[in-house]
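Visitor: Just dropping this structure here.
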Amino acid sequence: MSKLIQLATHSSARGDLTVFEKILPGEIKRAFYIYNVESPTQERALHGHRKESNALIALAGQCRIFVTNGEEETYFHLTAPNECLVIEPGDWHIIDNFTKETVLLVLSNECYDPSDYFYDRP
């Protein structure tokens, strides 16, 4: 099941530096970001992956992610750039409640493969 983790952050008078390392299995093969979501009721994702793992980080703004694997279901809230939601293979998810300034970074350990997606909620 997906899990929310706190990323290591080093703060000083010069600002904050947050580190992402050794979070996903394997290597990061794909990155993309979601932004300019006009309505907080707009839903994104509505799918899961058979083998891919994702890490979601709200670099700016906030959003909510609903996750289910058919046995458990949970809402996660990303509210700070040092929070990372790791979505495991088999977890189906919806992203919503975007604030206007949200920039959501998604890192993946697989290249895009349409056959890895499933759309039916477990």
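By convention here, the chains of the structure tokens are called A, B, ... in the order presented, each chain's residues are numbered starting at 1, and ligands are numbered starting at 1 in the order presented.
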Which polymer residues have any atom within 10 Å of an atom of Cys111 in chain A, counting only C-alpha atoms, with same-chain residues fewer than 4 positions away left out, as a PyMOL selection string?

Guide: chain A and resi 28-31+52

Visitor: What would the file look like if the residues just selected were written as a PDB file, in the first residue's frame with N, CA and C atoms?

Guide:
ATOM      1  N   ILE A  28      15.197   6.122 -11.467  1.00  0.00           N
ATOM      2  CA  ILE A  28      14.152   6.998 -11.992  1.00  0.00           C
ATOM      3  C   ILE A  28      14.296   7.029 -13.505  1.00  0.00           C
ATOM      4  N   LYS A  29      13.241   6.597 -14.202  1.00  0.00           N
ATOM      5  CA  LYS A  29      13.272   6.541 -15.663  1.00  0.00           C
ATOM      6  C   LYS A  29      12.367   7.573 -16.316  1.00  0.00           C
ATOM      7  N   ARG A  30      11.476   8.184 -15.526  1.00  0.00           N
ATOM      8  CA  ARG A  30      10.542   9.148 -16.112  1.00  0.00           C
ATOM      9  C   ARG A  30      10.154  10.155 -15.043  1.00  0.00           C
ATOM     10  N   ALA A  31       9.991  11.398 -15.456  1.00  0.00           N
ATOM     11  CA  ALA A  31       9.509  12.458 -14.573  1.00  0.00           C
ATOM     12  C   ALA A  31       8.554  13.341 -15.359  1.00  0.00           C
ATOM     13  N   GLU A  52       4.787  -0.496 -12.161  1.00  0.00           N
ATOM     14  CA  GLU A  52       5.442   0.797 -11.951  1.00  0.00           C
ATOM     15  C   GLU A  52       5.197   1.336 -10.549  1.00  0.00           C
TER      16      GLU A  52
END

Visitor: Which residues come within 8 Å of range 38-43 of chain A, counting only C-alpha atoms, excluding same-chain residues fewer than 4 positions away, as a ChimeraX atom specification?

Guide: /A:94-100

Visitor: So how many Å separate CA of Tyr119 in chain A and CA of Leu56 in chain A, to one decimal?

Guide: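 Rounded to one decimal, the two atoms are 19.0 Å apart.
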
Visitor: Determine which residues of range 37-75 of chain A DSSP labels as strand (DSSP E or B) from the backbone of this structure, then write them out as number ranges by chain.

Guide: A: 44-49, 54-60, 63-68, 73-75

Visitor: Could you save those same residues with N, CA and C atoms as a PDB file, in the first residue's frame?

Guide:
ATOM      1  N   ARG A  44      -7.516  13.911 -11.466  1.00  0.00           N
ATOM      2  CA  ARG A  44      -6.449  13.405 -12.326  1.00  0.00           C
ATOM      3  C   ARG A  44      -6.167  11.962 -11.931  1.00  0.00           C
ATOM      4  N   ALA A  45      -5.457  11.263 -12.780  1.00  0.00           N
ATOM      5  CA  ALA A  45      -5.026   9.866 -12.580  1.00  0.00           C
ATOM      6  C   ALA A  45      -6.176   8.907 -12.856  1.00  0.00           C
ATOM      7  N   LEU A  46      -6.939   8.466 -11.851  1.00  0.00           N
ATOM      8  CA  LEU A  46      -8.002   7.464 -12.010  1.00  0.00           C
ATOM      9  C   LEU A  46      -7.461   6.199 -12.666  1.00  0.00           C
ATOM     10  N   HIS A  47      -6.305   5.749 -12.183  1.00  0.00           N
ATOM     11  CA  HIS A  47      -5.692   4.532 -12.708  1.00  0.00           C
ATOM     12  C   HIS A  47      -4.702   3.971 -11.688  1.00  0.00           C
ATOM     13  N   GLY A  48      -4.180   2.821 -12.014  1.00  0.00           N
ATOM     14  CA  GLY A  48      -3.109   2.209 -11.245  1.00  0.00           C
ATOM     15  C   GLY A  48      -2.103   1.611 -12.206  1.00  0.00           C
ATOM     16  N   HIS A  49      -1.032   1.080 -11.663  1.00  0.00           N
ATOM     17  CA  HIS A  49       0.012   0.448 -12.475  1.00  0.00           C
ATOM     18  C   HIS A  49       0.249  -0.976 -11.992  1.00  0.00           C
ATOM     19  N   ASN A  54       5.503   5.009  -8.326  1.00  0.00           N
ATOM     20  CA  ASN A  54       5.571   6.457  -8.511  1.00  0.00           C
ATOM     21  C   ASN A  54       5.855   7.139  -7.185  1.00  0.00           C
ATOM     22  N   ALA A  55       6.527   8.286  -7.260  1.00  0.00           N
ATOM     23  CA  ALA A  55       6.715   9.157  -6.108  1.00  0.00           C
ATOM     24  C   ALA A  55       6.128  10.510  -6.470  1.00  0.00           C
ATOM     25  N   LEU A  56       5.205  11.016  -5.657  1.00  0.00           N
ATOM     26  CA  LEU A  56       4.529  12.282  -5.902  1.00  0.00           C
ATOM     27  C   LEU A  56       4.981  13.299  -4.867  1.00  0.00           C
ATOM     28  N   ILE A  57       5.354  14.500  -5.348  1.00  0.00           N
ATOM     29  CA  ILE A  57       5.808  15.577  -4.473  1.00  0.00           C
ATOM     30  C   ILE A  57       5.145  16.867  -4.940  1.00  0.00           C
ATOM     31  N   ALA A  58       4.433  17.544  -4.037  1.00  0.00           N
ATOM     32  CA  ALA A  58       3.850  18.852  -4.356  1.00  0.00           C
ATOM     33  C   ALA A  58       4.943  19.898  -4.136  1.00  0.00           C
ATOM     34  N   LEU A  59       5.592  20.305  -5.218  1.00  0.00           N
ATOM     35  CA  LEU A  59       6.664  21.295  -5.116  1.00  0.00           C
ATOM     36  C   LEU A  59       6.123  22.647  -4.686  1.00  0.00           C
ATOM     37  N   ALA A  60       4.887  22.938  -5.064  1.00  0.00           N
ATOM     38  CA  ALA A  60       4.181  24.147  -4.644  1.00  0.00           C
ATOM     39  C   ALA A  60       2.713  23.780  -4.483  1.00  0.00           C
ATOM     40  N   CYS A  63      -2.434  19.183  -2.703  1.00  0.00           N
ATOM     41  CA  CYS A  63      -3.423  18.330  -3.353  1.00  0.00           C
ATOM     42  C   CYS A  63      -3.714  17.138  -2.454  1.00  0.00           C
ATOM     43  N   ARG A  64      -4.752  16.397  -2.839  1.00  0.00           N
ATOM     44  CA  ARG A  64      -5.163  15.205  -2.095  1.00  0.00           C
ATOM     45  C   ARG A  64      -5.102  14.013  -3.036  1.00  0.00           C
ATOM     46  N   ILE A  65      -4.706  12.864  -2.511  1.00  0.00           N
ATOM     47  CA  ILE A  65      -4.637  11.640  -3.312  1.00  0.00           C
ATOM     48  C   ILE A  65      -5.403  10.545  -2.574  1.00  0.00           C
ATOM     49  N   PHE A  66      -6.382   9.970  -3.256  1.00  0.00           N
ATOM     50  CA  PHE A  66      -7.101   8.805  -2.737  1.00  0.00           C
ATOM     51  C   PHE A  66      -6.439   7.577  -3.329  1.00  0.00           C
ATOM     52  N   VAL A  67      -6.130   6.585  -2.481  1.00  0.00           N
ATOM     53  CA  VAL A  67      -5.459   5.366  -2.935  1.00  0.00           C
ATOM     54  C   VAL A  67      -6.204   4.155  -2.385  1.00  0.00           C
ATOM     55  N   THR A  68      -6.402   3.151  -3.254  1.00  0.00           N
ATOM     56  CA  THR A  68      -6.942   1.872  -2.806  1.00  0.00           C
ATOM     57  C   THR A  68      -6.233   0.735  -3.531  1.00  0.00           C
ATOM     58  N   GLU A  73      -8.077   1.453   1.765  1.00  0.00           N
ATOM     59  CA  GLU A  73      -8.191   2.722   1.045  1.00  0.00           C
ATOM     60  C   GLU A  73      -7.879   3.859   2.004  1.00  0.00           C
ATOM     61  N   THR A  74      -7.169   4.856   1.477  1.00  0.00           N
ATOM     62  CA  THR A  74      -6.682   5.953   2.302  1.00  0.00           C
ATOM     63  C   THR A  74      -6.625   7.237   1.487  1.00  0.00           C
ATOM     64  N   TYR A  75      -6.874   8.363   2.160  1.00  0.00           N
ATOM     65  CA  TYR A  75      -6.624   9.681   1.588  1.00  0.00           C
ATOM     66  C   TYR A  75      -5.292  10.188   2.129  1.00  0.00           C
TER      67      TYR A  75
END

Visitor: Neighbours of Pro122 in chain A within 8 Å (only C-alpha atoms; same-chain residues fewer than 2 positions away dropped), as a ChimeraX atom specification?

Guide: /A:68-70,92,120

Visitor: Grab the CA of Leu105 in chain A to CA of Glu72 in chain A distance for me, in Å with one decimal place.

Guide: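 Straight-line distance from CA of Leu105 in chain A to CA of Glu72 in chain A works out to 24.7 Å.
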
Visitor: May I ask which of the residues A:Ser115, A:Ser53, A:Gly61, A:Met1 is the closest one to Glu27 in chain A, counting only C-alpha atoms?

Guide: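 Among the listed residues, A:Ser53 lies closest to Glu27 in chain A.
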
Visitor: Using only C-alpha atoms, determine which residues lie at most 10 Å from Phe20 in chain A, disregarding the query and same-chain residues fewer than 2 positions distant; provide the list as a ChimeraX atom specification.

Guide: /A:6-9,18,22-24,55,57,82,84

Visitor: I need the residues from that last selection saved to file as a short mmCIF file (atom, residue, chain, number, x, y, z; two decimals), in the first residue's frame (with N, CA and C atoms), if you can.

Guide:
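File result34.cif, as written:
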data_model
loop_
_atom_site.label_atom_id
_atom_site.label_comp_id
_atom_site.auth_asym_id
_atom_site.auth_seq_id
_atom_site.Cartn_x
_atom_site.Cartn_y
_atom_site.Cartn_z
N GLN A 6 8.58 11.57 4.81
CA GLN A 6 9.19 12.89 4.93
C GLN A 6 10.57 12.82 4.29
N LEU A 7 10.82 13.70 3.34
CA LEU A 7 12.13 13.74 2.70
C LEU A 7 13.11 14.51 3.58
N ALA A 8 14.35 14.09 3.56
CA ALA A 8 15.38 14.77 4.34
C ALA A 8 15.54 16.20 3.81
N THR A 9 15.49 17.16 4.73
CA THR A 9 15.61 18.56 4.35
C THR A 9 16.70 19.21 5.20
N THR A 18 16.03 19.96 -0.13
CA THR A 18 15.37 18.69 0.17
C THR A 18 15.92 17.63 -0.77
N LYS A 22 17.09 7.02 -3.02
CA LYS A 22 16.80 5.67 -2.52
C LYS A 22 15.36 5.54 -2.04
N ILE A 23 14.43 6.13 -2.79
CA ILE A 23 13.01 6.07 -2.43
C ILE A 23 12.29 5.03 -3.28
N LEU A 24 12.53 5.06 -4.59
CA LEU A 24 11.88 4.12 -5.51
C LEU A 24 12.81 2.94 -5.79
N ALA A 55 6.53 8.29 -7.26
CA ALA A 55 6.72 9.16 -6.11
C ALA A 55 6.13 10.51 -6.47
N ILE A 57 5.35 14.50 -5.35
CA ILE A 57 5.81 15.58 -4.47
C ILE A 57 5.15 16.87 -4.94
N ASN A 82 8.55 18.82 1.18
CA ASN A 82 9.37 17.76 1.76
C ASN A 82 8.55 16.51 2.08
N CYS A 84 6.51 13.23 0.46
CA CYS A 84 6.54 12.41 -0.76
C CYS A 84 5.59 11.23 -0.57
#

Visitor: Pick from A:Tyr35, A:Lys51, A:Tyr112, A:Gln62: nearest to Gly90 in chain A, with only C-alpha atoms counted?

Guide: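 Closest residue, counting only C-alpha atoms: A:Lys51.
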
Visitor: Report the distance between CA of Gly26 in chain A and CA of Ala80 in chain A in Å, rounded to one decimal place.

Guide: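 Pair CA of Gly26 in chain A / CA of Ala80 in chain A returns 25.3 Å.
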